file entry_31.txt (compact mmCIF, N, CA and C atoms)
# COMPACT_ATOMS: atom_id res chain seq x y z
N MET A 1 91.74 126.67 84.98
CA MET A 1 93.07 126.09 84.94
C MET A 1 93.96 126.87 85.89
N SER A 2 94.77 126.18 86.64
CA SER A 2 95.64 126.83 87.61
C SER A 2 96.84 127.49 86.91
N TRP A 3 97.52 128.37 87.65
CA TRP A 3 98.75 128.97 87.14
C TRP A 3 99.75 127.86 86.81
N ALA A 4 99.81 126.82 87.63
CA ALA A 4 100.75 125.71 87.40
C ALA A 4 100.49 125.06 86.05
N ASN A 5 99.25 124.82 85.71
CA ASN A 5 98.92 124.20 84.42
C ASN A 5 99.25 125.13 83.26
N PHE A 6 98.97 126.41 83.44
CA PHE A 6 99.35 127.40 82.42
C PHE A 6 100.86 127.39 82.24
N ALA A 7 101.61 127.39 83.35
CA ALA A 7 103.07 127.42 83.28
C ALA A 7 103.63 126.16 82.61
N LYS A 8 103.00 125.03 82.81
CA LYS A 8 103.43 123.80 82.14
C LYS A 8 103.16 123.88 80.64
N ALA A 9 102.04 124.47 80.27
CA ALA A 9 101.68 124.58 78.85
C ALA A 9 102.52 125.61 78.11
N MET A 10 102.83 126.73 78.77
CA MET A 10 103.56 127.84 78.15
C MET A 10 104.60 128.39 79.12
N PRO A 11 105.69 127.66 79.38
CA PRO A 11 106.63 128.08 80.42
C PRO A 11 107.27 129.44 80.19
N GLU A 12 107.63 129.76 78.95
CA GLU A 12 108.26 131.07 78.70
C GLU A 12 107.29 132.21 78.92
N LEU A 13 106.07 132.05 78.45
CA LEU A 13 105.06 133.09 78.65
C LEU A 13 104.75 133.26 80.13
N ALA A 14 104.62 132.16 80.86
CA ALA A 14 104.34 132.23 82.30
C ALA A 14 105.49 132.89 83.05
N SER A 15 106.72 132.56 82.69
CA SER A 15 107.88 133.17 83.34
C SER A 15 107.91 134.68 83.09
N PHE A 16 107.66 135.07 81.84
CA PHE A 16 107.60 136.49 81.51
C PHE A 16 106.49 137.17 82.31
N GLY A 17 105.33 136.54 82.35
CA GLY A 17 104.21 137.09 83.09
C GLY A 17 104.51 137.25 84.57
N GLN A 18 105.15 136.26 85.15
CA GLN A 18 105.48 136.33 86.57
C GLN A 18 106.42 137.50 86.84
N GLN A 19 107.40 137.70 85.97
CA GLN A 19 108.32 138.84 86.12
C GLN A 19 107.59 140.17 86.01
N ARG A 20 106.73 140.29 85.01
CA ARG A 20 106.03 141.56 84.80
C ARG A 20 105.03 141.84 85.93
N LEU A 21 104.32 140.82 86.40
CA LEU A 21 103.36 141.03 87.49
C LEU A 21 104.07 141.38 88.80
N ALA A 22 105.26 140.84 88.99
CA ALA A 22 106.03 141.13 90.21
C ALA A 22 106.55 142.56 90.23
N ALA A 23 106.67 143.19 89.06
CA ALA A 23 107.19 144.55 88.98
C ALA A 23 106.22 145.56 89.59
N GLY A 24 104.95 145.21 89.69
CA GLY A 24 103.90 145.99 90.33
C GLY A 24 103.86 147.46 89.96
N PRO A 25 102.80 148.16 90.22
CA PRO A 25 101.53 147.52 90.54
C PRO A 25 100.91 146.91 89.29
N ALA A 26 100.00 146.00 89.51
CA ALA A 26 99.21 145.42 88.41
C ALA A 26 97.79 145.98 88.55
N TYR A 27 96.99 145.76 87.54
CA TYR A 27 95.63 146.30 87.53
C TYR A 27 94.64 145.17 87.30
N LEU A 28 93.71 145.04 88.24
CA LEU A 28 92.69 144.01 88.20
C LEU A 28 91.40 144.61 87.70
N ALA A 29 90.88 144.06 86.61
CA ALA A 29 89.60 144.49 86.07
C ALA A 29 88.54 143.49 86.50
N THR A 30 87.43 144.01 87.03
CA THR A 30 86.29 143.20 87.43
C THR A 30 85.04 143.77 86.79
N ILE A 31 83.91 143.11 87.03
CA ILE A 31 82.64 143.56 86.45
C ILE A 31 81.69 143.93 87.58
N ARG A 32 81.26 145.18 87.57
CA ARG A 32 80.32 145.65 88.59
C ARG A 32 78.96 145.00 88.39
N ALA A 33 78.10 145.10 89.40
CA ALA A 33 76.75 144.52 89.33
C ALA A 33 75.93 145.12 88.18
N ASP A 34 76.21 146.39 87.82
CA ASP A 34 75.46 147.02 86.74
C ASP A 34 76.06 146.73 85.36
N GLY A 35 77.09 145.88 85.32
CA GLY A 35 77.69 145.47 84.04
C GLY A 35 78.87 146.31 83.59
N TRP A 36 79.11 147.44 84.24
CA TRP A 36 80.23 148.30 83.87
C TRP A 36 81.53 147.71 84.41
N PRO A 37 82.64 147.92 83.69
CA PRO A 37 83.94 147.43 84.20
C PRO A 37 84.44 148.31 85.34
N ARG A 38 85.29 147.69 86.15
CA ARG A 38 85.92 148.41 87.25
C ARG A 38 87.39 147.98 87.25
N VAL A 39 88.33 148.92 87.51
CA VAL A 39 89.76 148.62 87.52
C VAL A 39 90.35 149.01 88.87
N HIS A 40 91.23 148.13 89.39
CA HIS A 40 91.80 148.32 90.71
C HIS A 40 93.29 148.05 90.68
N PRO A 41 94.13 148.91 91.28
CA PRO A 41 95.54 148.56 91.44
C PRO A 41 95.65 147.44 92.48
N ILE A 42 96.57 146.53 92.25
CA ILE A 42 96.67 145.37 93.15
C ILE A 42 98.08 144.78 93.08
N THR A 43 98.45 144.03 94.11
CA THR A 43 99.73 143.34 94.15
C THR A 43 99.46 141.84 94.05
N PRO A 44 99.59 141.27 92.85
CA PRO A 44 99.35 139.82 92.72
C PRO A 44 100.49 139.02 93.33
N ILE A 45 100.18 137.79 93.71
CA ILE A 45 101.15 136.90 94.34
C ILE A 45 101.15 135.59 93.57
N ILE A 46 102.33 135.13 93.18
CA ILE A 46 102.46 133.81 92.60
C ILE A 46 103.27 132.98 93.57
N GLY A 47 102.64 131.96 94.12
CA GLY A 47 103.29 131.09 95.10
C GLY A 47 102.67 129.71 95.07
N GLY A 48 103.49 128.70 95.29
CA GLY A 48 102.98 127.34 95.24
C GLY A 48 102.38 127.03 93.88
N GLU A 49 102.93 127.68 92.84
CA GLU A 49 102.45 127.54 91.46
C GLU A 49 100.98 127.96 91.30
N ARG A 50 100.58 128.96 92.10
CA ARG A 50 99.21 129.48 92.05
C ARG A 50 99.25 131.00 92.03
N LEU A 51 98.20 131.60 91.50
CA LEU A 51 98.08 133.05 91.40
C LEU A 51 97.02 133.52 92.40
N PHE A 52 97.44 134.41 93.30
CA PHE A 52 96.56 134.89 94.38
C PHE A 52 96.50 136.41 94.41
N VAL A 53 95.42 136.93 95.02
CA VAL A 53 95.33 138.35 95.37
C VAL A 53 94.63 138.47 96.72
N PHE A 54 95.22 139.27 97.61
CA PHE A 54 94.60 139.63 98.89
C PHE A 54 93.90 140.96 98.72
N MET A 55 92.89 141.20 99.57
CA MET A 55 92.20 142.49 99.55
C MET A 55 91.41 142.68 100.83
N GLU A 56 91.03 143.92 101.07
CA GLU A 56 90.14 144.23 102.19
C GLU A 56 88.82 143.49 102.01
N PRO A 57 88.21 143.03 103.08
CA PRO A 57 86.94 142.31 102.93
C PRO A 57 85.80 143.18 102.42
N THR A 58 85.91 144.50 102.56
CA THR A 58 84.86 145.41 102.08
C THR A 58 85.15 145.96 100.69
N SER A 59 86.21 145.50 100.04
CA SER A 59 86.62 146.04 98.75
C SER A 59 85.57 145.78 97.66
N PRO A 60 85.28 146.79 96.84
CA PRO A 60 84.36 146.57 95.72
C PRO A 60 84.83 145.45 94.80
N LYS A 61 86.14 145.31 94.62
CA LYS A 61 86.62 144.24 93.74
C LYS A 61 86.29 142.87 94.31
N GLY A 62 86.34 142.74 95.62
CA GLY A 62 85.96 141.48 96.26
C GLY A 62 84.48 141.17 96.05
N HIS A 63 83.63 142.20 96.16
CA HIS A 63 82.20 141.99 95.91
C HIS A 63 81.98 141.55 94.46
N ASP A 64 82.69 142.20 93.55
CA ASP A 64 82.57 141.83 92.12
C ASP A 64 82.99 140.38 91.90
N LEU A 65 84.12 139.99 92.48
CA LEU A 65 84.64 138.63 92.26
C LEU A 65 83.74 137.58 92.91
N ARG A 66 83.18 137.88 94.06
CA ARG A 66 82.26 136.93 94.70
C ARG A 66 81.01 136.72 93.85
N ARG A 67 80.51 137.80 93.26
CA ARG A 67 79.27 137.75 92.50
C ARG A 67 79.47 137.13 91.12
N ASN A 68 80.54 137.52 90.44
CA ASN A 68 80.70 137.14 89.04
C ASN A 68 81.92 136.26 88.82
N GLY A 69 83.02 136.57 89.45
CA GLY A 69 84.23 135.77 89.35
C GLY A 69 85.15 136.11 88.19
N ARG A 70 84.62 136.69 87.13
CA ARG A 70 85.47 136.96 85.97
C ARG A 70 86.38 138.15 86.22
N TYR A 71 87.61 138.04 85.71
CA TYR A 71 88.60 139.09 85.92
C TYR A 71 89.56 139.13 84.73
N THR A 72 90.28 140.23 84.61
CA THR A 72 91.49 140.34 83.80
C THR A 72 92.51 141.07 84.67
N LEU A 73 93.75 140.57 84.65
CA LEU A 73 94.84 141.15 85.44
C LEU A 73 95.93 141.56 84.47
N HIS A 74 96.28 142.84 84.48
CA HIS A 74 97.26 143.41 83.55
C HIS A 74 98.41 144.02 84.34
N CYS A 75 99.64 143.75 83.91
CA CYS A 75 100.80 144.35 84.57
C CYS A 75 100.87 145.84 84.27
N GLY A 76 101.60 146.55 85.10
CA GLY A 76 101.91 147.94 84.79
C GLY A 76 102.99 147.96 83.71
N VAL A 77 103.09 149.06 83.00
CA VAL A 77 104.16 149.20 81.99
C VAL A 77 105.12 150.29 82.44
N GLY A 78 106.37 150.16 82.02
CA GLY A 78 107.42 151.05 82.50
C GLY A 78 107.38 152.46 81.96
N ASP A 79 106.82 152.65 80.77
CA ASP A 79 106.79 153.97 80.17
C ASP A 79 105.76 154.01 79.05
N ASN A 80 105.66 155.16 78.37
CA ASN A 80 104.68 155.31 77.29
C ASN A 80 104.98 154.47 76.06
N ASN A 81 106.18 153.91 76.00
CA ASN A 81 106.56 153.06 74.87
C ASN A 81 106.39 151.57 75.17
N GLY A 82 105.75 151.24 76.27
CA GLY A 82 105.53 149.84 76.61
C GLY A 82 106.55 149.26 77.56
N GLY A 83 107.52 150.09 77.97
CA GLY A 83 108.48 149.65 78.97
C GLY A 83 109.12 148.32 78.65
N LEU A 84 109.07 147.42 79.59
CA LEU A 84 109.66 146.09 79.44
C LEU A 84 108.68 145.09 78.84
N GLY A 85 107.58 145.60 78.33
CA GLY A 85 106.56 144.74 77.74
C GLY A 85 105.33 144.71 78.62
N GLU A 86 104.28 144.13 78.07
CA GLU A 86 103.05 144.02 78.85
C GLU A 86 102.56 142.59 78.85
N PHE A 87 101.77 142.28 79.88
CA PHE A 87 101.28 140.92 80.08
C PHE A 87 99.92 141.01 80.75
N TYR A 88 99.00 140.14 80.31
CA TYR A 88 97.76 140.02 81.06
C TYR A 88 97.27 138.58 81.06
N VAL A 89 96.50 138.27 82.09
CA VAL A 89 95.80 136.99 82.19
C VAL A 89 94.34 137.28 82.47
N SER A 90 93.49 136.36 82.05
CA SER A 90 92.05 136.43 82.33
C SER A 90 91.59 135.08 82.81
N GLY A 91 90.50 135.09 83.55
CA GLY A 91 89.94 133.84 84.03
C GLY A 91 88.87 134.09 85.06
N THR A 92 88.79 133.18 86.02
CA THR A 92 87.81 133.31 87.09
C THR A 92 88.51 133.23 88.44
N ALA A 93 87.93 133.92 89.41
CA ALA A 93 88.49 133.97 90.76
C ALA A 93 87.63 133.12 91.69
N GLN A 94 88.31 132.50 92.64
CA GLN A 94 87.62 131.71 93.67
C GLN A 94 88.07 132.20 95.03
N LEU A 95 87.12 132.44 95.92
CA LEU A 95 87.44 132.84 97.28
C LEU A 95 88.14 131.67 97.98
N VAL A 96 89.24 131.96 98.65
CA VAL A 96 90.01 130.94 99.37
C VAL A 96 89.67 131.04 100.85
N THR A 97 89.24 129.93 101.44
CA THR A 97 88.91 129.92 102.86
C THR A 97 89.81 128.98 103.66
N SER A 98 90.58 128.16 102.98
CA SER A 98 91.47 127.21 103.63
C SER A 98 92.68 127.92 104.24
N GLN A 99 92.97 127.65 105.50
CA GLN A 99 94.14 128.24 106.16
C GLN A 99 95.44 127.73 105.54
N GLU A 100 95.45 126.49 105.06
CA GLU A 100 96.64 125.94 104.41
C GLU A 100 96.94 126.69 103.12
N GLU A 101 95.90 126.95 102.33
CA GLU A 101 96.09 127.71 101.08
C GLU A 101 96.48 129.15 101.37
N ARG A 102 95.88 129.73 102.41
CA ARG A 102 96.23 131.10 102.79
C ARG A 102 97.70 131.18 103.18
N ALA A 103 98.19 130.17 103.89
CA ALA A 103 99.59 130.15 104.30
C ALA A 103 100.52 130.15 103.10
N ILE A 104 100.15 129.47 102.03
CA ILE A 104 100.96 129.46 100.79
C ILE A 104 101.06 130.88 100.24
N ALA A 105 99.92 131.57 100.16
CA ALA A 105 99.91 132.94 99.63
C ALA A 105 100.67 133.90 100.54
N GLU A 106 100.48 133.77 101.85
CA GLU A 106 101.18 134.66 102.79
C GLU A 106 102.69 134.48 102.70
N GLU A 107 103.15 133.25 102.57
CA GLU A 107 104.59 132.99 102.48
C GLU A 107 105.18 133.57 101.21
N ALA A 108 104.44 133.55 100.11
CA ALA A 108 104.94 134.05 98.83
C ALA A 108 104.79 135.57 98.68
N ALA A 109 103.99 136.20 99.52
CA ALA A 109 103.73 137.64 99.39
C ALA A 109 104.98 138.46 99.66
N THR A 110 105.09 139.59 98.98
CA THR A 110 106.21 140.51 99.18
C THR A 110 105.89 141.52 100.29
N TYR A 111 104.75 141.38 100.92
CA TYR A 111 104.32 142.22 102.03
C TYR A 111 103.61 141.31 103.03
N GLU A 112 103.29 141.84 104.20
CA GLU A 112 102.59 141.04 105.21
C GLU A 112 101.09 141.33 105.12
N PRO A 113 100.31 140.39 104.56
CA PRO A 113 98.87 140.62 104.45
C PRO A 113 98.23 140.70 105.85
N ALA A 114 97.36 141.65 106.02
CA ALA A 114 96.64 141.79 107.30
C ALA A 114 95.74 140.58 107.51
N ALA A 115 95.54 140.21 108.74
CA ALA A 115 94.70 139.05 109.08
C ALA A 115 93.27 139.24 108.58
N ARG A 116 92.80 140.49 108.46
CA ARG A 116 91.42 140.74 108.02
C ARG A 116 91.25 140.57 106.51
N TYR A 117 92.33 140.57 105.75
CA TYR A 117 92.23 140.48 104.29
C TYR A 117 91.60 139.16 103.87
N ILE A 118 90.83 139.23 102.81
CA ILE A 118 90.32 138.02 102.17
C ILE A 118 91.24 137.68 101.01
N LEU A 119 91.17 136.45 100.57
CA LEU A 119 92.09 135.94 99.56
C LEU A 119 91.31 135.27 98.44
N PHE A 120 91.74 135.56 97.21
CA PHE A 120 91.19 134.89 96.03
C PHE A 120 92.33 134.21 95.28
N GLU A 121 92.03 133.04 94.72
CA GLU A 121 92.93 132.42 93.76
C GLU A 121 92.36 132.71 92.38
N LEU A 122 93.25 133.10 91.47
CA LEU A 122 92.84 133.43 90.11
C LEU A 122 93.21 132.28 89.18
N ASP A 123 92.19 131.62 88.63
CA ASP A 123 92.44 130.62 87.60
C ASP A 123 92.77 131.34 86.30
N VAL A 124 93.50 130.68 85.43
CA VAL A 124 93.96 131.30 84.19
C VAL A 124 93.32 130.58 83.00
N THR A 125 92.56 131.32 82.20
CA THR A 125 91.99 130.75 80.98
C THR A 125 92.58 131.38 79.72
N ARG A 126 93.18 132.55 79.87
CA ARG A 126 93.85 133.22 78.75
C ARG A 126 95.06 133.97 79.27
N ALA A 127 96.08 134.06 78.42
CA ALA A 127 97.26 134.86 78.74
C ALA A 127 97.76 135.50 77.45
N PHE A 128 98.33 136.68 77.59
CA PHE A 128 98.77 137.45 76.41
C PHE A 128 99.95 138.32 76.80
N SER A 129 100.91 138.44 75.90
CA SER A 129 102.03 139.36 76.14
C SER A 129 102.36 140.12 74.87
N THR A 130 102.91 141.28 75.06
CA THR A 130 103.46 142.09 73.97
C THR A 130 104.80 142.63 74.45
N VAL A 131 105.83 142.42 73.65
CA VAL A 131 107.15 142.99 73.89
C VAL A 131 107.46 143.84 72.67
N TYR A 132 107.98 145.03 72.90
CA TYR A 132 108.26 145.95 71.81
C TYR A 132 109.75 145.89 71.48
N ALA A 133 110.07 145.36 70.29
CA ALA A 133 111.44 145.27 69.81
C ALA A 133 111.56 146.23 68.64
N GLY A 134 112.13 147.39 68.90
CA GLY A 134 112.16 148.41 67.84
C GLY A 134 110.76 148.88 67.56
N ASP A 135 110.39 148.89 66.29
CA ASP A 135 109.05 149.34 65.89
C ASP A 135 108.05 148.20 65.79
N GLN A 136 108.50 146.98 65.99
CA GLN A 136 107.63 145.82 65.80
C GLN A 136 107.23 145.18 67.13
N PRO A 137 105.93 145.13 67.41
CA PRO A 137 105.50 144.42 68.61
C PRO A 137 105.58 142.91 68.38
N ILE A 138 106.03 142.19 69.39
CA ILE A 138 106.08 140.73 69.34
C ILE A 138 105.06 140.24 70.34
N ARG A 139 104.08 139.48 69.84
CA ARG A 139 102.97 139.07 70.69
C ARG A 139 102.95 137.55 70.86
N GLN A 140 102.54 137.13 72.04
CA GLN A 140 102.32 135.72 72.33
C GLN A 140 100.97 135.62 73.02
N SER A 141 100.23 134.56 72.72
CA SER A 141 98.96 134.38 73.42
C SER A 141 98.75 132.89 73.66
N TRP A 142 97.90 132.62 74.63
CA TRP A 142 97.59 131.24 75.01
C TRP A 142 96.15 131.22 75.53
N LYS A 143 95.45 130.15 75.21
CA LYS A 143 94.09 129.95 75.71
C LYS A 143 93.98 128.53 76.23
N ALA A 144 93.38 128.36 77.40
CA ALA A 144 93.21 127.04 77.99
C ALA A 144 92.34 126.18 77.08
N PRO A 145 92.67 124.91 76.97
CA PRO A 145 91.80 124.03 76.18
C PRO A 145 90.43 123.91 76.83
N GLN A 146 89.43 123.76 76.01
CA GLN A 146 88.04 123.67 76.51
C GLN A 146 87.75 122.32 77.07

call {"tool": "encode", "arguments": {"input": "entry_31.txt", "output": "structure tokens"}}
result
Amino acid sequence: MSWANFAKAMPELASFGQQRLAAGPAYLATIRADGWPRVHPITPIIGGERLFVFMEPTSPKGHDLRRNGRYTLHCGVGDNNGGLGEFYVSGTAQLVTSQEERAIAEEAATYEPAARYILFELDVTRAFSTVYAGDQPIRQSWKAPQ
């Protein structure tokens, strides 16, 4: 399911997630070939109602995503108390080869991606947030319909 479909289903959660992911850095979890998890700092991009990540073509995270595709993306938190809250999405990544789609991601990026970078679009199958109000965490979650 695309970010756009997630945002239509849960607009408040998607808006919160977009704000938290934009605060950077975010952390992308992938699965290595030997089954162990791997975590990478990354700058996600939401543009054209889609979720993208650029990376070096030799990046281990790119190899993981090409082989397996599964990921979890978690925002950074502001402090040890949860800062402004936390947000994560999970799903599958697809390598983007279309120049038109790349142009959407480049236009939405907060930096200038190098021409050598490869691009993935991250589909969203789950989303979760926690906001800390006093001593009580407030949680929201969403799962794509099967």

call {"tool": "atom_distance", "arguments": {"input": "entry_31.txt", "atom1": "CA of Val89 in chain A", "atom2": "CA of Leu122 in chain A"}}
result
9.2 Å

call {"tool": "residues_around", "arguments": {"input": "entry_31.txt", "residues": "range 91-102 of chain A", "least_positions_apart": "3", "cutoff": "9 Å", "atoms": "only C-alpha atoms", "output": "NGL selection string"}}
result
:A and (1 or 52 or 62 or 65-66 or 68-73 or 105-107 or 118-126)

call {"tool": "select_by_dssp", "arguments": {"input": "entry_31.txt", "residues": "range 21-115 of chain A", "states": "alpha helix (DSSP H)", "output": "PyMOL selection string"}}
result
chain A and resi 21-22+60-67+99-108

call {"tool": "atom_distance", "arguments": {"input": "entry_31.txt", "atom1": "CA of Tyr117 in chain A", "atom2": "atom C of Leu13 in chain A"}}
result
28.2 Å

call {"tool": "atom_distance", "arguments": {"input": "entry_31.txt", "atom1": "CA of Gln140 in chain A", "atom2": "CA of Gly47 in chain A"}}
result
23.3 Å

call {"tool": "residues_around", "arguments": {"input": "entry_31.txt", "residues": "Ala22 in chain A", "least_positions_apart": "2", "cutoff": "8 Å", "atoms": "all atoms listed in the file", "output": "number ranges by chain"}}
result
A: 16-20, 24-26, 43-46, 75-76

call {"tool": "closest_residue", "arguments": {"input": "entry_31.txt", "among": "A:Tyr111, A:Tyr88, A:Phe128, A:Trp142", "to": "Leu21 in chain A", "atoms": "only C-alpha atoms"}}
result
A:Tyr88

call {"tool": "select_by_dssp", "arguments": {"input": "entry_31.txt", "residues": "chain A", "states": "strand (DSSP E)", "output": "MDAnalysis selection string"}}
result
chainID A and resid 26:31 37:42 45:47 50:55 70:75 86:96 118:122 126:133 136:143

call {"tool": "axis_aligned_box", "arguments": {"input": "entry_31.txt", "around": "range 15-32 of chain A", "padding_each_side": "6 Å", "output": "JSON"}}
result
{"center_x": 93.6, "center_y": 140.4, "center_z": 86.0, "size_x": 41.4, "size_y": 27.6, "size_z": 21.0}

call {"tool": "closest_residue", "arguments": {"input": "entry_31.txt", "among": "A:Tyr132, A:Pro113, A:Trp36, A:Lys143", "to": "Asn81 in chain A", "atoms": "all atoms listed in the file"}}
result
A:Tyr132

call {"tool": "decode", "arguments": {"input": "entry_31.txt", "residues": "range 9-38 of chain A", "atoms": "N, CA and C atoms", "output": "tab-separated table (two decimals), in the first residue's frame"}}
result
chain	number	residue	atom	x	y	z
A	9	ALA	N	-6.38	6.49	4.69
A	9	ALA	CA	-6.99	5.64	5.72
A	9	ALA	C	-6.82	6.23	7.12
A	10	MET	N	-5.67	6.84	7.40
A	10	MET	CA	-5.35	7.37	8.73
A	10	MET	C	-4.68	8.73	8.60
A	11	PRO	N	-5.41	9.78	8.22
A	11	PRO	CA	-4.77	11.07	7.94
A	11	PRO	C	-4.01	11.67	9.12
A	12	GLU	N	-4.55	11.57	10.33
A	12	GLU	CA	-3.85	12.16	11.48
A	12	GLU	C	-2.56	11.42	11.78
A	13	LEU	N	-2.60	10.11	11.73
A	13	LEU	CA	-1.40	9.32	11.99
A	13	LEU	C	-0.35	9.58	10.90
A	14	ALA	N	-0.77	9.65	9.64
A	14	ALA	CA	0.17	9.93	8.55
A	14	ALA	C	0.78	11.32	8.68
A	15	SER	N	-0.02	12.30	9.05
A	15	SER	CA	0.49	13.66	9.23
A	15	SER	C	1.52	13.71	10.36
A	16	PHE	N	1.20	13.05	11.47
A	16	PHE	CA	2.14	12.97	12.59
A	16	PHE	C	3.43	12.29	12.14
A	17	GLY	N	3.29	11.18	11.42
A	17	GLY	CA	4.45	10.45	10.94
A	17	GLY	C	5.31	11.28	10.01
A	18	GLN	N	4.68	12.01	9.12
A	18	GLN	CA	5.43	12.85	8.19
A	18	GLN	C	6.23	13.90	8.95
A	19	GLN	N	5.63	14.51	9.97
A	19	GLN	CA	6.34	15.50	10.78
A	19	GLN	C	7.53	14.88	11.51
A	20	ARG	N	7.31	13.72	12.11
A	20	ARG	CA	8.38	13.08	12.88
A	20	ARG	C	9.51	12.59	11.97
A	21	LEU	N	9.17	12.04	10.81
A	21	LEU	CA	10.21	11.56	9.90
A	21	LEU	C	11.01	12.72	9.31
A	22	ALA	N	10.37	13.86	9.13
A	22	ALA	CA	11.05	15.04	8.58
A	22	ALA	C	12.04	15.63	9.59
A	23	ALA	N	11.84	15.35	10.88
A	23	ALA	CA	12.72	15.91	11.91
A	23	ALA	C	14.12	15.30	11.84
A	24	GLY	N	14.26	14.14	11.24
A	24	GLY	CA	15.52	13.45	10.98
A	24	GLY	C	16.48	13.39	12.16
A	25	PRO	N	17.46	12.55	12.14
A	25	PRO	CA	17.50	11.44	11.19
A	25	PRO	C	16.50	10.37	11.59
A	26	ALA	N	16.16	9.53	10.64
A	26	ALA	CA	15.32	8.36	10.91
A	26	ALA	C	16.24	7.14	10.80
A	27	TYR	N	15.73	6.01	11.22
A	27	TYR	CA	16.52	4.78	11.22
A	27	TYR	C	15.79	3.70	10.45
A	28	LEU	N	16.48	3.17	9.44
A	28	LEU	CA	15.93	2.14	8.58
A	28	LEU	C	16.48	0.79	9.01
A	29	ALA	N	15.59	-0.12	9.35
A	29	ALA	CA	15.99	-1.48	9.71
A	29	ALA	C	15.74	-2.38	8.50
A	30	THR	N	16.76	-3.17	8.16
A	30	THR	CA	16.67	-4.14	7.07
A	30	THR	C	17.11	-5.50	7.60
A	31	ILE	N	17.04	-6.50	6.73
A	31	ILE	CA	17.43	-7.86	7.13
A	31	ILE	C	18.61	-8.30	6.28
A	32	ARG	N	19.70	-8.61	6.96
A	32	ARG	CA	20.90	-9.08	6.26
A	32	ARG	C	20.67	-10.46	5.67
A	33	ALA	N	21.55	-10.88	4.77
A	33	ALA	CA	21.44	-12.20	4.13
A	33	ALA	C	21.50	-13.34	5.15
A	34	ASP	N	22.21	-13.12	6.28
A	34	ASP	CA	22.31	-14.17	7.29
A	34	ASP	C	21.15	-14.13	8.28
A	35	GLY	N	20.17	-13.26	8.04
A	35	GLY	CA	18.97	-13.20	8.89
A	35	GLY	C	19.05	-12.21	10.04
A	36	TRP	N	20.22	-11.67	10.31
A	36	TRP	CA	20.37	-10.71	11.40
A	36	TRP	C	19.84	-9.34	10.95
A	37	PRO	N	19.30	-8.56	11.89
A	37	PRO	CA	18.84	-7.21	11.53
A	37	PRO	C	20.02	-6.26	11.35
A	38	ARG	N	19.75	-5.21	10.57
A	38	ARG	CA	20.75	-4.17	10.35
A	38	ARG	C	20.00	-2.84	10.45
